[in-house]
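What follows is the content of upload_29.txt (compact mmCIF, C-alpha atoms).
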```
# COMPACT_ATOMS: atom_id res chain seq x y z
CA MET A 11 115.92 152.69 142.31
CA THR A 12 113.67 153.96 139.54
CA SER A 13 110.32 155.31 140.63
CA ILE A 14 107.25 153.80 139.03
CA ARG A 15 104.48 156.31 138.77
CA GLY A 16 100.87 155.58 138.28
CA TRP A 17 97.69 157.54 138.27
CA PHE A 18 97.76 161.17 139.35
CA ASN A 19 101.51 161.17 138.71
CA ARG A 20 102.27 159.75 142.24
CA PRO A 21 105.04 157.27 142.90
CA ILE A 22 103.93 153.74 143.68
CA ILE A 23 107.35 152.36 144.62
CA SER A 24 110.15 154.59 145.71
CA ASN A 25 113.33 154.34 147.74
CA ALA A 26 112.66 157.59 149.49
CA ASN A 27 112.52 157.56 153.26
CA PRO A 28 108.85 157.78 154.26
CA TRP A 29 109.84 159.91 157.25
CA GLY A 30 111.53 162.51 155.11
CA GLY A 31 115.01 162.58 153.64
CA ASP A 32 116.88 160.00 151.58
CA ASN A 33 118.39 156.92 153.13
CA GLY A 34 121.35 156.76 150.83
CA GLY A 35 121.71 160.39 149.74
CA GLY A 36 121.78 160.24 145.92
CA ALA A 37 124.16 161.93 143.57
CA ASN A 38 122.41 165.21 143.83
CA GLY A 39 122.28 164.99 147.57
CA GLY A 40 118.63 164.02 147.66
CA GLY A 41 118.36 165.88 150.93
CA SER A 42 115.73 168.30 152.01
CA GLY A 43 118.20 171.14 151.98
CA GLY A 44 119.37 170.59 148.46
CA SER A 45 123.01 170.44 149.55
CA GLY A 46 125.36 167.55 149.10
CA THR A 47 125.17 166.57 152.75
CA PRO A 48 122.66 163.76 153.33
CA THR A 49 119.90 164.53 155.80
CA PRO A 50 119.48 161.95 158.62
CA PRO A 51 116.11 160.24 158.87
CA ARG A 52 113.59 162.06 160.95
CA ASN A 53 112.34 160.48 164.19
CA PRO A 54 108.72 159.50 163.64
CA TRP A 55 107.99 160.21 167.30
CA ALA A 56 109.52 163.66 167.21
CA VAL A 57 107.49 166.78 166.79
CA PRO A 58 106.64 167.20 163.07
CA PRO A 59 107.90 170.35 161.38
CA GLY A 60 105.46 173.12 161.91
CA GLY A 61 103.29 170.95 164.11
CA ARG A 62 104.11 172.69 167.37
CA LYS A 63 105.09 176.22 168.02
CA GLY A 64 107.70 177.08 170.58
CA PRO A 65 109.45 174.82 173.10
CA GLN A 66 107.10 172.38 174.81
CA LYS A 67 107.69 169.67 177.39
CA PRO A 68 106.95 166.04 176.48
CA THR A 69 103.59 164.79 177.72
CA ALA A 70 103.04 161.79 180.00
CA LEU A 71 102.05 159.73 176.97
CA ASP A 72 105.34 160.57 175.27
CA GLU A 73 107.29 159.52 178.37
CA PHE A 74 105.34 156.28 178.57
CA LEU A 75 105.96 155.47 174.92
CA ARG A 76 109.63 156.34 175.25
CA LYS A 77 110.06 154.01 178.22
CA ALA A 78 108.13 151.24 176.46
CA ARG A 79 110.49 151.45 173.48
CA GLY A 80 113.55 151.20 175.67
CA GLY A 81 114.22 154.88 176.04
CA GLY A 82 114.67 157.61 173.48
CA GLY A 83 113.51 157.83 169.90
CA GLY A 84 115.29 157.31 166.64
CA GLY A 85 119.00 156.64 166.87
CA GLY A 86 119.49 158.60 170.11
CA GLY A 87 117.92 155.97 172.40
CA GLY A 88 118.96 152.53 173.52
CA MET A 89 118.41 151.05 170.02
CA PRO A 90 120.41 151.78 166.91
CA ALA A 91 118.91 153.74 164.09
CA GLY A 92 116.74 151.72 161.78
CA PHE A 93 116.17 148.92 164.39
CA PRO A 94 112.49 147.84 164.32
CA ASN A 95 110.37 148.98 167.30
CA PRO A 96 109.34 146.23 169.75
CA PRO A 97 105.76 145.04 169.51
CA THR A 98 104.67 146.91 172.66
CA ARG A 99 100.98 146.25 172.25
CA THR A 100 101.48 142.52 171.74
CA VAL A 101 103.64 142.25 174.85
CA TRP A 102 101.03 144.02 176.93
CA LEU A 103 98.29 141.77 175.59
CA ILE A 104 100.28 138.63 176.36
CA GLY A 105 101.05 139.85 179.87
CA ALA A 106 97.40 140.68 180.48
CA GLY A 107 96.40 137.24 179.20
CA VAL A 108 98.85 135.50 181.54
CA ILE A 109 97.57 137.49 184.50
CA LEU A 110 93.97 136.70 183.56
CA LEU A 111 94.74 133.01 183.21
CA ALA A 112 96.51 132.89 186.60
CA TRP A 113 93.61 134.75 188.20
CA LEU A 114 91.11 132.25 186.81
CA LEU A 115 93.31 129.31 187.82
CA PHE A 116 93.84 130.37 191.42
CA THR A 117 90.30 131.57 192.10
CA SER A 118 88.22 129.01 190.17
CA VAL A 119 90.04 125.68 190.73
CA HIS A 120 90.08 124.38 194.32
CA ASN A 121 91.73 121.26 195.74
CA ILE A 122 89.69 120.04 198.72
CA ALA A 123 91.61 117.63 200.97
CA PRO A 124 89.87 114.51 202.37
CA GLN A 125 89.66 116.00 205.87
CA GLN A 126 88.28 119.31 204.59
CA ARG A 127 84.98 120.78 203.48
CA ALA A 128 84.71 124.04 201.54
CA VAL A 129 81.91 126.55 202.01
CA VAL A 130 81.13 128.56 198.86
CA THR A 131 79.52 132.00 198.91
CA PHE A 132 78.32 133.82 195.78
CA PHE A 133 78.30 137.58 196.25
CA GLY A 134 78.40 136.95 200.03
CA GLN A 135 75.44 134.55 200.08
CA TYR A 136 75.81 130.85 200.89
CA ALA A 137 75.90 128.82 197.67
CA GLY A 138 76.88 125.32 198.81
CA THR A 139 79.48 123.06 200.41
CA LEU A 140 82.17 121.34 198.37
CA GLU A 141 83.20 117.76 199.07
CA PRO A 142 86.82 116.53 198.84
CA GLY A 143 88.40 116.53 195.38
CA ILE A 144 89.16 119.02 192.57
CA ARG A 145 86.25 121.45 192.41
CA LEU A 146 85.43 124.42 190.16
CA THR A 147 83.68 127.64 191.17
CA PRO A 148 83.16 131.04 189.61
CA PRO A 149 86.24 133.22 189.94
CA ALA A 150 86.77 135.80 192.66
CA PRO A 151 85.38 138.24 193.57
CA PHE A 152 82.12 136.72 192.37
CA ALA A 153 82.54 133.56 194.46
CA SER A 154 84.48 133.00 197.67
CA VAL A 155 85.62 129.63 199.08
CA GLU A 156 86.53 128.97 202.73
CA LYS A 157 87.99 125.59 203.72
CA VAL A 158 87.48 124.07 207.18
CA ASP A 159 88.93 120.91 208.71
CA VAL A 160 86.07 118.74 209.97
CA THR A 161 88.17 115.85 211.33
CA ALA A 162 90.69 117.67 213.54
CA PHE A 163 89.90 117.72 217.27
CA ARG A 164 90.34 120.98 219.14
CA GLU A 165 91.05 120.95 222.86
CA GLU A 166 90.34 123.72 225.35
CA ASN A 167 92.04 123.55 228.76
CA PHE A 168 90.66 125.19 231.90
CA PRO A 169 92.00 127.23 233.54
CA GLU A 170 93.95 128.67 230.64
CA GLY A 171 97.64 128.98 231.47
CA GLY A 172 97.37 127.13 234.81
CA GLY A 173 96.49 128.68 238.13
CA GLU A 174 93.58 128.15 240.49
CA ASN A 175 90.01 127.63 239.32
CA LEU A 176 87.64 127.60 242.31
CA VAL A 177 84.15 126.16 241.83
CA LEU A 178 81.38 126.05 244.46
CA THR A 179 79.81 122.65 245.25
CA GLY A 180 76.30 121.87 246.37
CA ASP A 181 77.29 121.64 250.07
CA GLN A 182 78.89 125.13 250.02
CA ASN A 183 82.49 123.96 249.64
CA LEU A 184 85.14 125.13 247.20
CA ILE A 185 87.20 122.86 244.98
CA ASP A 186 90.07 123.62 242.64
CA LEU A 187 88.91 122.17 239.32
CA ALA A 188 91.03 121.65 236.18
CA TYR A 189 89.42 120.06 233.11
CA SER A 190 89.58 119.94 229.32
CA VAL A 191 86.99 119.95 226.51
CA ARG A 192 87.51 118.24 223.14
CA TRP A 193 85.39 119.32 220.15
CA ASN A 194 85.31 119.32 216.36
CA ILE A 195 83.26 120.79 213.50
CA GLY A 196 80.10 118.93 212.55
CA ASP A 197 78.40 121.42 210.21
CA PRO A 198 80.79 123.73 208.27
CA GLU A 199 78.04 126.08 207.09
CA SER A 200 76.72 126.77 210.60
CA TYR A 201 80.24 126.95 212.01
CA ILE A 202 81.20 129.77 209.60
CA PHE A 203 77.99 131.81 209.53
CA GLN A 204 76.51 131.42 213.04
CA LEU A 205 79.46 132.15 215.34
CA ALA A 206 81.75 135.17 215.25
CA ASP A 207 84.29 133.55 217.61
CA PRO A 208 83.75 129.77 217.95
CA THR A 209 86.59 129.24 220.44
CA ALA A 210 85.33 131.90 222.83
CA THR A 211 81.80 130.48 222.56
CA VAL A 212 83.00 126.96 223.44
CA ARG A 213 84.97 128.22 226.45
CA ALA A 214 82.10 130.31 227.80
CA THR A 215 79.65 127.42 227.38
CA ALA A 216 82.03 125.02 229.12
CA GLU A 217 82.53 127.24 232.14
CA SER A 218 78.81 127.75 232.55
CA ALA A 219 78.04 124.02 232.24
CA VAL A 220 80.77 123.01 234.70
CA ARG A 221 79.62 125.42 237.40
CA GLU A 222 76.04 124.22 236.99
CA ALA A 223 77.00 120.54 237.22
CA VAL A 224 79.33 120.94 240.22
CA ALA A 225 76.69 122.98 242.07
CA ASN A 226 74.45 119.89 242.07
CA VAL A 227 76.93 117.52 243.79
CA THR A 228 78.68 117.45 247.14
CA LEU A 229 82.36 117.88 247.78
CA ASP A 230 82.91 114.14 248.31
CA GLN A 231 81.19 113.36 245.03
CA ALA A 232 83.09 116.03 243.12
CA ILE A 233 86.52 114.81 244.25
CA GLY A 234 85.57 111.14 244.37
CA PRO A 235 83.24 108.80 242.54
CA GLY A 236 80.99 111.59 241.23
CA ARG A 237 83.56 112.93 238.76
CA THR A 238 82.35 110.67 235.93
CA LEU A 239 78.79 111.87 236.43
CA VAL A 240 79.93 115.50 236.37
CA GLU A 241 81.82 114.95 233.10
CA GLN A 242 78.77 113.42 231.42
CA GLN A 243 76.47 116.18 232.63
CA VAL A 244 78.84 118.90 231.42
CA ARG A 245 79.10 117.30 227.98
CA ASP A 246 75.32 116.99 227.61
CA ARG A 247 74.69 120.57 228.75
CA MET A 248 77.31 122.00 226.41
CA GLN A 249 75.97 120.11 223.40
CA ARG A 250 72.43 121.20 224.14
CA VAL A 251 73.39 124.90 224.39
CA LEU A 252 75.57 124.82 221.25
CA ASP A 253 72.78 123.12 219.30
CA GLU A 254 70.45 125.94 220.34
CA TYR A 255 73.02 128.39 218.95
CA LYS A 256 73.16 126.34 215.69
CA SER A 257 76.92 126.48 216.02
CA GLY A 258 77.78 123.36 214.01
CA ILE A 259 80.11 122.20 216.84
CA ARG A 260 80.18 118.70 218.33
CA ILE A 261 81.47 118.12 221.86
CA GLN A 262 83.47 114.90 221.86
CA GLY A 263 84.27 114.69 225.56
CA VAL A 264 84.97 116.42 228.86
CA ALA A 265 87.79 115.21 231.13
CA ILE A 266 88.34 116.37 234.72
CA LYS A 267 92.10 116.39 235.27
CA GLN A 268 92.15 117.71 238.82
CA ALA A 269 89.51 118.07 241.54
CA ASP A 270 91.15 119.05 244.82
CA PRO A 271 90.30 121.32 247.72
CA PRO A 272 91.88 124.78 247.75
CA GLU A 273 95.63 124.87 248.35
CA ARG A 274 95.31 126.36 251.83
CA VAL A 275 93.27 123.44 253.18
CA ASN A 276 94.52 120.73 250.86
CA GLU A 277 96.61 118.92 253.53
CA ALA A 278 93.68 118.66 255.92
CA PHE A 279 91.49 117.27 253.15
CA LYS A 280 94.17 114.73 252.29
CA ASP A 281 94.16 113.49 255.90
CA VAL A 282 90.39 113.18 255.82
CA THR A 283 90.55 111.31 252.54
CA ALA A 284 93.20 108.92 253.90
CA ALA A 285 91.06 108.21 256.98
CA GLN A 286 88.06 107.55 254.79
CA GLN A 287 90.07 105.14 252.68
CA ASP A 288 91.29 103.28 255.77
CA ALA A 289 87.76 103.02 257.11
CA SER A 290 86.58 101.71 253.77
CA ALA A 291 89.37 99.11 253.72
CA VAL A 292 88.52 97.86 257.24
CA ARG A 293 84.85 97.75 256.36
CA ASN A 294 85.60 95.67 253.29
CA GLN A 295 87.70 93.23 255.34
CA ALA A 296 84.91 92.83 257.88
CA GLU A 297 82.38 92.21 255.17
CA ALA A 298 84.66 89.63 253.55
CA TYR A 299 85.13 87.82 256.91
CA ALA A 300 81.38 87.82 257.49
CA GLN A 301 80.76 86.39 254.05
CA GLN A 302 83.34 83.68 254.66
CA LYS A 303 81.82 82.63 257.98
CA LEU A 304 78.36 82.74 256.55
CA ALA A 305 79.39 80.50 253.66
CA LEU A 306 81.04 78.06 256.09
CA ALA A 307 77.94 77.91 258.28
CA GLN A 308 75.73 77.41 255.28
CA GLY A 309 77.98 74.56 254.12
CA GLU A 310 77.86 72.86 257.51
CA ALA A 311 74.09 73.22 257.63
CA ALA A 312 73.79 71.68 254.18
CA SER A 313 76.07 68.80 255.24
CA PHE A 314 73.98 68.19 258.35
CA ASN A 315 70.81 68.13 256.28
CA ALA A 316 72.40 65.59 253.96
CA TYR A 317 73.44 63.36 256.90
CA TYR A 318 69.98 63.67 258.43
CA ALA A 319 68.33 62.56 255.21
CA GLN A 320 70.59 59.49 255.15
CA TYR A 321 70.00 58.83 258.83
CA ILE A 322 66.26 58.67 258.29
CA LEU A 323 66.74 56.06 255.60
CA ALA A 324 69.29 53.89 257.52
CA PRO A 325 69.86 55.02 261.11
CA GLU A 326 72.23 52.22 262.19
CA VAL A 327 74.48 52.39 259.15
CA THR A 328 74.61 56.17 259.29
CA ARG A 329 75.48 56.11 262.99
CA ARG A 330 78.41 53.73 262.47
CA ARG A 331 79.67 55.70 259.49
CA MET A 332 79.64 58.92 261.48
CA TYR A 333 81.49 57.16 264.30
CA TYR A 334 84.22 55.84 262.01
CA GLU A 335 84.68 59.18 260.29
CA THR A 336 84.91 60.99 263.59
CA MET A 337 87.44 58.56 265.05
CA GLU A 338 89.53 58.72 261.89
CA ALA A 339 89.64 62.48 262.06
CA VAL A 340 90.57 62.49 265.77
CA LEU A 341 93.21 59.73 265.68
CA ALA A 342 94.85 61.22 262.57
CA ARG A 343 96.11 64.13 264.67
CA THR A 344 97.61 62.02 267.55
CA ASP A 345 100.51 59.57 268.01
CA LYS A 346 98.59 57.23 270.33
CA THR A 347 97.16 53.87 269.44
CA ILE A 348 94.25 52.59 271.54
CA VAL A 349 93.36 48.90 271.58
CA GLU A 350 90.14 47.76 273.20
CA THR A 351 89.79 44.11 274.16
CA PRO A 352 86.91 42.29 275.83
CA GLY A 353 89.01 41.44 278.95
CA GLY A 354 90.27 44.93 279.61
CA VAL A 355 92.75 47.52 278.30
CA THR A 356 96.21 46.43 277.13
CA PRO A 357 98.96 49.03 276.59
CA TYR A 358 100.44 48.92 273.09
CA LEU A 359 103.66 50.49 271.86
CA PRO A 360 103.41 51.76 268.26
CA LEU A 361 105.83 50.08 265.90
CA ASP A 362 107.01 53.39 264.41
CA ARG A 363 108.43 54.30 267.85
CA ALA A 364 110.00 50.93 268.77
CA ARG A 365 113.44 52.19 267.79
CA ARG A 366 113.23 55.33 269.94
CA PRO A 367 113.59 54.21 273.58
CA ALA A 368 114.06 57.74 274.78
CA ASP A 369 110.41 58.53 274.12
CA PRO A 370 108.12 58.48 277.14
CA PRO A 371 105.81 55.45 277.59
CA VAL A 372 102.59 55.51 275.71
CA ALA A 373 99.51 55.72 277.83
CA ALA A 374 96.39 53.84 277.01
CA ARG A 375 92.89 54.73 277.74
CA GLU A 376 89.52 53.19 277.09
CA ILE A 377 87.02 54.74 274.79
CA PRO A 378 83.56 54.25 276.18
CA ASN A 379 80.28 54.08 274.36
CA ALA A 380 81.66 52.29 271.30
CA PRO A 381 78.86 51.01 269.09
CA ALA A 382 78.06 47.37 269.60
CA GLY A 383 79.54 45.15 266.94
CA ALA A 384 81.83 47.89 265.60
CA ALA A 385 85.23 46.79 264.31
CA GLN A 386 88.02 47.53 266.75
CA PRO A 387 90.73 49.85 265.39
CA GLY A 388 94.10 48.19 264.97
CA THR A 389 92.71 44.64 265.18
CA GLY A 390 91.36 44.24 261.70
CA GLN A 391 88.11 42.97 263.22
```
Could you render the structure from this file as structure tokens?
Amino acid sequence: MTSIRGWFNRPIISNANPWGGDNGGGANGGGSGGSGTPTPPRNPWAVPPGGRKGPQKPTALDEFLRKARGGGGGGGGGMPAGFPNPPTRTVWLIGAGVILLAWLLFTSVHNIAPQQRAVVTFFGQYAGTLEPGIRLTPPAPFASVEKVDVTAFREENFPEGGGENLVLTGDQNLIDLAYSVRWNIGDPESYIFQLADPTATVRATAESAVREAVANVTLDQAIGPGRTLVEQQVRDRMQRVLDEYKSGIRIQGVAIKQADPPERVNEAFKDVTAAQQDASAVRNQAEAYAQQKLALAQGEAASFNAYYAQYILAPEVTRRRMYYETMEAVLARTDKTIVETPGGVTPYLPLDRARRPADPPVAAREIPNAPAGAAQPGTGQ
């Protein structure tokens, strides 16, 4: 290719290798040595002629550049001679951009579930609470986000891992008490910043409240009808103490699972309890019988008062009515028929027994003091 020279007699376009030597080796050799043998292109990363004196080891920068290019320079490395160098700087910039984008994505965008609340701190100071949804915050480490579940119920069981848990009652007796406490998070900010160990705080508060409540009741109340009262007192005491701590915890309930005497005297207490239950059952039966008799007496008294009121209004009619009702009630329970006539007493054989001759004869007797003018039974009069 013909060189085009311009000002100062310098070539503008030339086919000469810019790194020294001639790519094609012209007719005259074109090499740096003037011989006919073409000179290979010089490695641009190699030490320039006359640039360094004496043997020197490659620097760390040279090793880094060599590894970035795939190893080796010129045609002696992993790439053939004349192959263009990879855009190392562009690759590094793209990788840094991807890392930066991922960092912003994972530390600035937050998905808050419906049962969660997120507490945001900016440089370690409380900055706000995020509601459910997709929320944005400054990236880490400028802002930090901690999610808490405010709907899940935690349960603490006492004693932990089973065993015996002896508690002293108000009448100086011991009971083996097993119970559980259910709680959840009411205020996420206070829950995170006020308590170092929320679970340990809840357990310590529960044990203290239970011992205080049981110390105010007797043994019979603790193992019997007073258990509901103890549960309510424990819940109220725990909530009051945790509110004083500003813990952000809500006590949902306390349940006593077991309230028995110690194992060594449990059988004796069971016998006492059985005897108390029997006594209570007998007492209830006696009270029911008394109520029944009382109601019957009150009914009879009310009936007598009603008859007396009618008797005052019509004594004769009331007297006959009472006589008829009484005789009907008496004769309904007997198989005898009594006939009273003015001339005396006549025996009468009932018709329903006329076909049974084996039956003994029917006796007849006279009923005195019949009201004058009263209709005689069996005569239709």
One residue among A:Tyr255, A:Asn175, A:Ala300, A:Ile109 is nearest to A:Ala206 when using all atoms listed in the file, and that residue is A:Tyr255
Atom CA of A:Ala291 sits from atom CA of A:Pro235 at a separation of 16.0 Å
Q: Fewer than 4 positions away in the same chain doesn't count, so skip those; otherwise give me all residues within 6 Å of A:Thr131, counting only C-alpha atoms, as a ChimeraX atom specification.
A: /A:135-137,153-154
Using only C-alpha atoms, please write the residues we just selected to a file, as a compact mmCIF listing (two decimals), in the coordinates of the input.
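Full text of result-v1.txt as output:
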```
# COMPACT_ATOMS: atom_id res chain seq x y z
CA GLN A 135 75.44 134.55 200.08
CA TYR A 136 75.81 130.85 200.89
CA ALA A 137 75.90 128.82 197.67
CA ALA A 153 82.54 133.56 194.46
CA SER A 154 84.48 133.00 197.67
```
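Picture a line from atom CA of A:Glu338 to atom CA of A:Ala319; it runs 22.6 Å.
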Residues within 12 Å of A:Ala223, please, as a list in words. Count all atoms listed in the file; anything in the same chain fewer than 2 positions from it doesn't count. Val177, Leu178, Thr179, Gly180, Ala216, Glu217, Ser218, Ala219, Val220, Arg221, Ala225, Asn226, Val227, Thr228, Gln231, Ala232, Gly236, Arg237, Thr238, Leu239, Val240, Glu241, Gln242, Gln243, Val244, Arg245, Asp246, Arg247 and Met248 of chain A
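The two atoms in question, atom CA of A:Glu310 and atom CA of A:Ala298, are spaced 18.5 Å apart.
Contact shell of stretch 189-199 of chain A at 6 Å (all atoms listed in the file; same-chain neighbours under 3 positions omitted): Val160, Phe163, Arg164, Glu165, Glu166, Asn167, Phe168, Ile202, Gly258, Ile259, Arg260, Ile261, Gln262, Gly263, Val264, Ala265, Ile266 and Lys267 of chain A.
Residues lying within 12 Å of A:Pro124, counting only C-alpha atoms and ignoring same-chain neighbours fewer than 3 positions away, are Asn121, Arg127, Ala128, Leu140, Glu141, Pro142, Gly143, Ile144, Lys157, Val158, Asp159, Val160, Thr161 and Ala162 of chain A.
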### Query
If I put a ball of radius 12 Å at (90.2, 123.6, 246.0) in the file's coordinates, which residues poke into it when counting only C-alpha atoms, written as an MDAnalysis selection string?
chainID A and resid 173:179 183:188 229 232:233 268:280
